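**Student:** Handing you a structure now.
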Amino acid sequence: MSLLLVAVSALHVLILILLFVATLDKSWWILPGNDSLNLWKECLSYSNQSVPEVWVCSNVSENGWLKAVQALMVLSLVFCCLSFVLFMFQLYNMKRGGLFYATGICQLCTSVSVFTGALIYALHVREFHHPGGSFGYCFALAWVAFPLALASGIIYIHLRKRE
């Protein structure tokens, strides 16, 4: 049983790391010149003959779709952190034989939030980012976090506390 708890906890920590990197790092959209854009700022490099390289950063567009993606990714982080805290609380305070329903439901909400945010980004990215780019690794990490969070939520719902 302790090996199962360690595995479930490690999976949860992995999901948290994936979500933090996906939400906060700068590679959601890759431009042709190796510039990358994230959910929060657009930092592009410009160079000319007098100055080798200058970075110009600005806020992302005020597009409602991008604001929805930002909110959903932050919400997924909140749900994931909350479910980990709930798991630790239930692990030490729940009676023997109890199920981790609250933790599982929070983790399923994490999965739904990540899925919705990544799907909105995929469908509407051309409206708020420069054309001619491609998806970056943070976008891929969000899609990897989705099935892991879904599986983790299902595991938590079926997990029963034993002595």
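Following the order of the structure tokens, first chain is A, next is B, and so on, with residues numbered from 1 inside each chain and ligands from 1 in the order they appear.
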Quick one: residues within 10 Å of A:Thr110, only C-alpha atoms, excluding same-chain residues fewer than 3 positions away - as a ChimeraX atom specification?
**Tutor:** /A:15,19,72-83,104-107,113-116,145-146,149-150,153
**Student:** Among the residues of stretch 4-157 of chain A, find those DSSP assigns to helix (DSSP H, G or I) from the backbone and print them as a ChimeraX atom specification.
**Tutor:** /A:4-24,64-93,101-128,137-157
**Student:** Ranking A:Leu3, A:Leu66, A:Leu11, A:Ile30 by minimum distance to A:Cys138 and counting only C-alpha atoms, which one comes first?
**Tutor:**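 Result for the nearest residue to A:Cys138: A:Ile30.
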**Student:** Record the distance separating atom CA of A:Trp40 and atom CA of A:Gln70, expressed in Å with one decimal.
**Tutor:** 7.8 Å
**Student:** Tell me, as a ChimeraX atom specification, which residues lie within 12 Å of A:Ser27, counting only C-alpha atoms; anything in the same chain fewer than 4 positions away does not count.
**Tutor:** /A:21-23,31,34-43,133-142
**Student:** Excluding A:Ile157 and residues on its chain fewer than 5 positions from it, collect all residues at most 7 Å away from it, counting only C-alpha atoms, and give them as number ranges by chain.
**Tutor:** A: 99-101, 104
**Student:** Can you write just those residues out, N, CA and C atoms, as an mmCIF file, in the first residue's frame?
**Tutor:**
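Result went into again.cif, see below:
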```cif
data_model
loop_
_atom_site.group_PDB
_atom_site.id
_atom_site.type_symbol
_atom_site.label_atom_id
_atom_site.label_comp_id
_atom_site.auth_asym_id
_atom_site.auth_seq_id
_atom_site.Cartn_x
_atom_site.Cartn_y
_atom_site.Cartn_z
ATOM 1 N N LEU A 99 -12.738 6.541 1.029
ATOM 2 C CA LEU A 99 -12.311 6.814 -0.347
ATOM 3 C C LEU A 99 -11.918 8.278 -0.489
ATOM 4 N N PHE A 100 -11.044 8.556 -1.408
ATOM 5 C CA PHE A 100 -10.529 9.907 -1.630
ATOM 6 C C PHE A 100 -11.382 10.639 -2.675
ATOM 7 N N TYR A 101 -12.686 10.753 -2.413
ATOM 8 C CA TYR A 101 -13.589 11.373 -3.384
ATOM 9 C C TYR A 101 -13.266 12.845 -3.635
ATOM 10 N N GLY A 104 -10.187 13.233 -5.737
ATOM 11 C CA GLY A 104 -10.442 12.796 -7.106
ATOM 12 C C GLY A 104 -11.249 13.801 -7.897
#
```
**Student:** Could you pull out all residues of stretch 5-51 of chain A with a DSSP call of strand (DSSP E) and give them as a count of residues only?
**Tutor:** 10
**Student:** What's the 9 Å shell around A:Tyr121, counting only C-alpha atoms, without same-chain residues fewer than 3 positions away, as an mmCIF file with C-alpha atoms, in the first residue's frame?
**Tutor:**
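Wrote part-v1.cif, looks like this:
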```cif
data_model
loop_
_atom_site.group_PDB
_atom_site.id
_atom_site.type_symbol
_atom_site.label_atom_id
_atom_site.label_comp_id
_atom_site.auth_asym_id
_atom_site.auth_seq_id
_atom_site.Cartn_x
_atom_site.Cartn_y
_atom_site.Cartn_z
ATOM 1 C CA TRP A 65 -9.950 33.868 -25.907
ATOM 2 C CA LEU A 66 -6.435 34.335 -24.584
ATOM 3 C CA ALA A 68 -9.915 32.547 -21.023
ATOM 4 C CA VAL A 69 -6.866 30.328 -21.590
ATOM 5 C CA THR A 116 -10.530 23.347 -22.036
ATOM 6 C CA GLY A 117 -7.663 25.851 -21.908
ATOM 7 C CA ALA A 118 -5.483 23.914 -24.356
ATOM 8 C CA HIS A 124 -8.164 30.361 -31.576
ATOM 9 C CA VAL A 125 -4.383 30.841 -31.532
ATOM 10 C CA ARG A 126 -4.305 32.558 -34.933
ATOM 11 C CA PHE A 139 1.406 23.728 -25.247
#
```
**Student:** Give the answer as one residue: which of A:Val85, A:Lys95, A:Glu62, A:Leu119 has the shortest atom-to-atom distance to A:Leu16, using only C-alpha atoms?
**Tutor:**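 Residue with the minimum atom-to-atom distance to A:Leu16: A:Val85.
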**Student:** Tell me, in Å to one decimal, how far atom CA of A:Pro147 is from atom CA of A:Asn63.
**Tutor:**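 If I compute the distance from atom CA of A:Pro147 to atom CA of A:Asn63, I get 27.6 Å.
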**Student:** Report the distance between atom CA of A:Leu14 and atom CA of A:Lys67 in Å, rounded to one decimal place.
**Tutor:** 25.6 Å
**Student:** From the list A:Phe20, A:Pro32, A:Tyr156, A:Val144, which residue is nearest A:Met88 when using only C-alpha atoms?
**Tutor:**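 Distance minimum relative to A:Met88 lands on A:Tyr156.
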**Student:** Go through A:Ile154, A:Leu18, A:Trp29, A:Leu123 one by one, measure the shortest atom-to-atom distance of each to A:Ala102 using only C-alpha atoms, and give the residue with the smallest value.
**Tutor:** A:Ile154
